[in-house]
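**Student:** Once you've had a glance at the structure underneath, I'll fire off some questions.
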Amino acid sequence: MTKYSDTIKYLYSALPMFHRIGNAAYKVDINNTVELMKSLGNPYLKFHSVHIAGTNGKGSTSHFIASILKESGVRTGLHTSPHLKDLRERIVVDGKMCSKQYVSGFIQRYTSEIERIQPSFFEIMVAMAFKYFEKKKVDTAVVEVGMGGRLDSTNVITPEVSLITNISFDHTQFLGDTIEKIAQEKAGIIKESVPVVISQTQREIKHVFIQKAQEKNAPIYFADERYSVSNVQYMGNKLVFDVYREKELFLERIQCPLSGEYQLKNILGVLQTIEVLNKSGKYSINKEDIKRGIENLMKNFPLNGRWQEINSKPRTLCDTGHNEDGLQYVLHQLKKEKYDKLRFVFGVVNDKDIDKEISMLPKDAVYYLCQANIPRALDVNILEKKMKDAGFVFKVYKSVKRALRMAQKDAEKSSANDLVFVGGSTYTVAEIV
């Protein structure tokens, strides 16, 4: 058996990896995935699936749906990306990551196919996940799109239901430079006669989804036109709320462990998706399963980096929101926090509209600029110049951990009520959770 460390080295160095190097790893079709799947015996035909696309909220939404399915007694697989710490986070069955032996064994067994097809890291991980789900005899896999939808490797599946969360500007060099073009790419997951759920109605692109659904004879549901939340409160680190369906009370006092208010939009899409699954006749998911699935998320399918408190003194929060829309949610949430001074540990990647993001940042915070340990991270010296030109107060550090340590140290010296926040990119957060 090949050593796991050697397998990891091979995966990270021999295969183009978007989350490390960016553009050069992106493939413009799904031919490699189709070839790979054939050589594996098309494992995705052996289980049901739920397919999830969107700009923000895909990860949280995927985890909620997986947790609810598990609570209803369904053997559930979950494929998400990117990972924060361990690539096995991408391949989970009933809350447990696949084993290191499985990863090594898979690469060893299919090396000749990999060398012949020359897939990207992401394509390999999708193939590895689907083969694992077949091996573990999952009933339903919740599959998160990597990027876009139409040309994403995951788009080989024909799911029970497709779900699109929200659309905003991200990866514009691949998906298009208008919100409409990006929506069209995401709508590429809509399949013939397969119901599609839209979590969040966005007037300027609603027609894109309706048109695509009509072309594909796919029933379409706008979740926020049927479901709503009210009586929203914070209880410790939980978000507590009621859910209404068609203006009638549906679920009462749900205690959601992900306390970012933006989760409320994700929850609506989750509820509509569960309703569609029940309509299919293949599932029997009741209200209690839904409530338990949301409340037991961190036990069933743990998820880090979503408005997560990683320290109480000084209070330290982190969130992976990393594009224009994600950052807006984060800043909106920060305004709800009470603190004397905001100390913001900030690092970004080099293929985002960093000028736009900087223009959104609060001027009255102190920034601790840093660079995640991946080739795709923006050089901290470039970030320093941009922040200086924009007139921010900041300090510069070579590593995320050092920046965090210094922010916490300064907070302790300054006031018991300073807040430390870590964000700017998924990879910045990955180094501290």
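Order determines the names: the first chain of the structure tokens is A, the second B, and so forth; residues in each chain are numbered 1 upward, and ligands are numbered 1 upward as they are shown.
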Select from stretch 338-407 of chain A every residue with an atom at most 12 Å from any atom of stretch 310-321 of chain A, then for each give the shortest pair of atoms and their distance in Å to one decimal, using only C-alpha atoms, rows by chain and rising number, as a tab-separated table.
**Tutor:**
residue	atom	partner	partner_atom	distance
A:Lys338	CA	A:Arg315	CA	10.6
A:Tyr339	CA	A:Arg315	CA	9.4
A:Asp340	CA	A:Arg315	CA	11.6
A:Lys341	CA	A:Pro314	CA	11.3
A:Leu342	CA	A:Thr316	CA	10.1
A:Arg343	CA	A:Thr316	CA	9.3
A:Phe344	CA	A:Cys318	CA	9.7
A:Val345	CA	A:Cys318	CA	9.2
A:Phe346	CA	A:Cys318	CA	10.5
A:Gly347	CA	A:Thr320	CA	11.0
A:Val348	CA	A:Thr320	CA	10.7
A:Glu357	CA	A:Gly321	CA	11.2
A:Leu404	CA	A:Thr316	CA	9.2
A:Arg405	CA	A:Thr316	CA	10.8
A:Met406	CA	A:Pro314	CA	11.7
A:Ala407	CA	A:Pro314	CA	9.4
**Student:** Using only C-alpha atoms, which residues sit within 10 Å of stretch 51-55 of chain A once same-chain residues fewer than 3 positions away are excluded, as a ChimeraX atom specification?
**Tutor:** /A:58-59,61-62,79-80,141-150,152,154-155,157-171,182-183,185-190,196-199,323,325-326
**Student:** Since we have the selection now, will you write its residues out, keeping C-alpha atoms, as an mmCIF file, in the first residue's frame?
**Tutor:**
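This went into out-v9.cif:
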data_model
loop_
_atom_site.group_PDB
_atom_site.id
_atom_site.type_symbol
_atom_site.label_atom_id
_atom_site.label_comp_id
_atom_site.auth_asym_id
_atom_site.auth_seq_id
_atom_site.Cartn_x
_atom_site.Cartn_y
_atom_site.Cartn_z
ATOM 1 C CA LYS A 58 -23.501 25.955 -1.272
ATOM 2 C CA GLY A 59 -21.435 24.420 1.518
ATOM 3 C CA THR A 61 -26.834 24.233 2.299
ATOM 4 C CA SER A 62 -25.216 20.900 1.345
ATOM 5 C CA HIS A 79 -19.232 15.808 -1.535
ATOM 6 C CA THR A 80 -18.103 19.414 -0.980
ATOM 7 C CA ALA A 141 -25.329 11.717 -2.146
ATOM 8 C CA VAL A 142 -25.508 15.470 -1.643
ATOM 9 C CA VAL A 143 -23.152 16.874 -4.273
ATOM 10 C CA GLU A 144 -21.860 20.438 -4.215
ATOM 11 C CA VAL A 145 -20.723 21.978 -7.502
ATOM 12 C CA GLY A 146 -17.099 23.123 -7.532
ATOM 13 C CA MET A 147 -17.458 26.135 -9.832
ATOM 14 C CA GLY A 148 -20.240 27.282 -12.136
ATOM 15 C CA GLY A 149 -22.394 24.315 -13.030
ATOM 16 C CA ARG A 150 -22.663 23.648 -16.751
ATOM 17 C CA ASP A 152 -18.411 21.392 -13.600
ATOM 18 C CA THR A 154 -20.073 17.024 -10.838
ATOM 19 C CA ASN A 155 -22.514 17.726 -13.687
ATOM 20 C CA ILE A 157 -25.099 13.219 -12.340
ATOM 21 C CA THR A 158 -28.862 13.302 -12.899
ATOM 22 C CA PRO A 159 -30.162 14.214 -9.439
ATOM 23 C CA GLU A 160 -33.564 13.881 -7.776
ATOM 24 C CA VAL A 161 -33.542 17.664 -7.402
ATOM 25 C CA SER A 162 -31.201 20.523 -8.361
ATOM 26 C CA LEU A 163 -30.756 23.494 -6.029
ATOM 27 C CA ILE A 164 -29.239 26.882 -6.831
ATOM 28 C CA THR A 165 -28.439 29.091 -3.824
ATOM 29 C CA ASN A 166 -27.601 32.686 -4.742
ATOM 30 C CA ILE A 167 -25.775 34.331 -7.631
ATOM 31 C CA SER A 168 -23.175 37.068 -7.361
ATOM 32 C CA PHE A 169 -19.841 37.987 -8.930
ATOM 33 C CA ASP A 170 -17.129 35.352 -8.509
ATOM 34 C CA HIS A 171 -14.773 33.567 -10.919
ATOM 35 C CA ILE A 182 -22.991 33.709 -14.306
ATOM 36 C CA ALA A 183 -26.619 32.668 -13.704
ATOM 37 C CA GLU A 185 -23.587 28.875 -16.114
ATOM 38 C CA LYS A 186 -25.139 27.920 -12.764
ATOM 39 C CA ALA A 187 -28.415 27.048 -14.537
ATOM 40 C CA GLY A 188 -26.402 24.463 -16.460
ATOM 41 C CA ILE A 189 -27.172 21.945 -13.687
ATOM 42 C CA ILE A 190 -30.887 22.004 -14.576
ATOM 43 C CA VAL A 196 -35.054 22.763 -9.554
ATOM 44 C CA VAL A 197 -35.180 24.898 -6.401
ATOM 45 C CA ILE A 198 -33.931 28.500 -6.299
ATOM 46 C CA SER A 199 -33.131 29.565 -2.711
ATOM 47 C CA ASN A 323 -16.370 37.384 -2.822
ATOM 48 C CA ASP A 325 -21.617 39.076 -1.952
ATOM 49 C CA GLY A 326 -20.016 36.914 0.745
#
**Student:** Run DSSP on the backbone of this structure and report the residues of stretch 187-429 of chain A it assigns to strand (DSSP E), as a VMD selection string.
**Tutor:** chain A and resid 196 to 198 220 to 222 227 to 235 238 to 245 248 to 256 308 to 312 315 to 318 342 to 346 366 to 369 393 to 396 419 to 423
**Student:** Can you list, as a PyMOL selection string, every protein, DNA or RNA residue that comes within 8 Å of A:Glu35 when you count only C-alpha atoms, leaving out same-chain residues fewer than 4 positions away?
**Tutor:** chain A and resi 31+39+117
**Student:** Skip A:Arg402 itself and residues of its chain fewer than 5 positions away, then list as an MDAnalysis selection string all residues within 12 Å of it, counting only C-alpha atoms.
**Tutor:** chainID A and resid 345:346 368:372 395:397 407:409 428 431:432
**Student:** Need the shell around A:Val276: protein/DNA/RNA residues with any atom at most 10 Å away, counting only C-alpha atoms. Skip same-chain ones fewer than 2 positions apart. Format as a PyMOL selection string?
**Tutor:** chain A and resi 160-162+195-197+219+221+270-274+278-281+283
**Student:** Take the residues just selected and output them with C-alpha atoms as a PDB file, in the first residue's frame.
**Tutor:**
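Here's the written file again-v3.pdb:
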ATOM      1  CA  GLU A 160     -33.564  13.881  -7.776  1.00  0.00           C
ATOM      2  CA  VAL A 161     -33.542  17.664  -7.402  1.00  0.00           C
ATOM      3  CA  SER A 162     -31.201  20.523  -8.361  1.00  0.00           C
ATOM      4  CA  PRO A 195     -37.196  19.726 -10.344  1.00  0.00           C
ATOM      5  CA  VAL A 196     -35.054  22.763  -9.554  1.00  0.00           C
ATOM      6  CA  VAL A 197     -35.180  24.898  -6.401  1.00  0.00           C
ATOM      7  CA  PRO A 219     -40.608  22.073 -12.394  1.00  0.00           C
ATOM      8  CA  TYR A 221     -39.644  26.410  -7.152  1.00  0.00           C
ATOM      9  CA  VAL A 270     -33.103  23.549   2.140  1.00  0.00           C
ATOM     10  CA  LEU A 271     -36.761  23.322   3.231  1.00  0.00           C
ATOM     11  CA  GLN A 272     -38.088  23.607  -0.318  1.00  0.00           C
ATOM     12  CA  THR A 273     -35.630  20.933  -1.468  1.00  0.00           C
ATOM     13  CA  ILE A 274     -36.763  18.540   1.266  1.00  0.00           C
ATOM     14  CA  ASN A 278     -40.807  14.044  -0.305  1.00  0.00           C
ATOM     15  CA  LYS A 279     -42.992  14.711  -3.363  1.00  0.00           C
ATOM     16  CA  SER A 280     -40.872  12.268  -5.380  1.00  0.00           C
ATOM     17  CA  GLY A 281     -42.241   9.397  -3.272  1.00  0.00           C
ATOM     18  CA  TYR A 283     -38.329   9.807   0.773  1.00  0.00           C
TER      19      TYR A 283
END
**Student:** Quick one: of A:Ile374, A:Leu331, A:Ile30, A:Ala390, who's nearest to A:Asp355, counting only C-alpha atoms?
**Tutor:**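 That would be A:Ala390, the residue with the smallest distance to A:Asp355.
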**Student:** So which one's closest to A:Met235, A:Leu249, A:Val93, A:Leu258, A:Ile124? Using only C-alpha atoms, please.
**Tutor:**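 Residue with the minimum atom-to-atom distance to A:Met235: A:Leu258.
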**Student:** Which residues are near A:Lys291? Cut-off 7 Å, only C-alpha atoms, ignore same chain within fewer than 4 positions. Put them as a PyMOL selection string.
**Tutor:** chain A and resi 254+287+295
**Student:** Report the residues of stretch 171-321 of chain A whose backbone DSSP state falls under alpha helix (DSSP H), written as JSON, numbers by chain.
**Tutor:** {"A": [172, 173, 174, 175, 179, 180, 181, 182, 183, 184, 185, 186, 206, 207, 208, 209, 210, 211, 212, 213, 214, 215, 263, 264, 265, 266, 267, 268, 269, 270, 271, 272, 273, 274, 275, 276, 277, 278, 279, 287, 288, 289, 290, 291, 292, 293, 294, 295, 297, 298, 299, 300]}
**Student:** Just give me the gap between atom CA of A:Ile358 and atom CA of A:His322 in Å, one decimal is fine.
**Tutor:**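 These two atoms are separated by 11.6 Å.
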**Student:** Measuring between only C-alpha atoms, which one of A:Ile107, A:Asn266, A:Leu361, A:Leu36 shows the shortest distance to A:Leu334?
**Tutor:** A:Leu361
**Student:** Nearest to A:Lys70: which of A:Val240, A:Ile205, A:Val366, A:Val138 is it, counting only C-alpha atoms?
**Tutor:**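 With only C-alpha atoms as the atom set, the closest residue is A:Val138.
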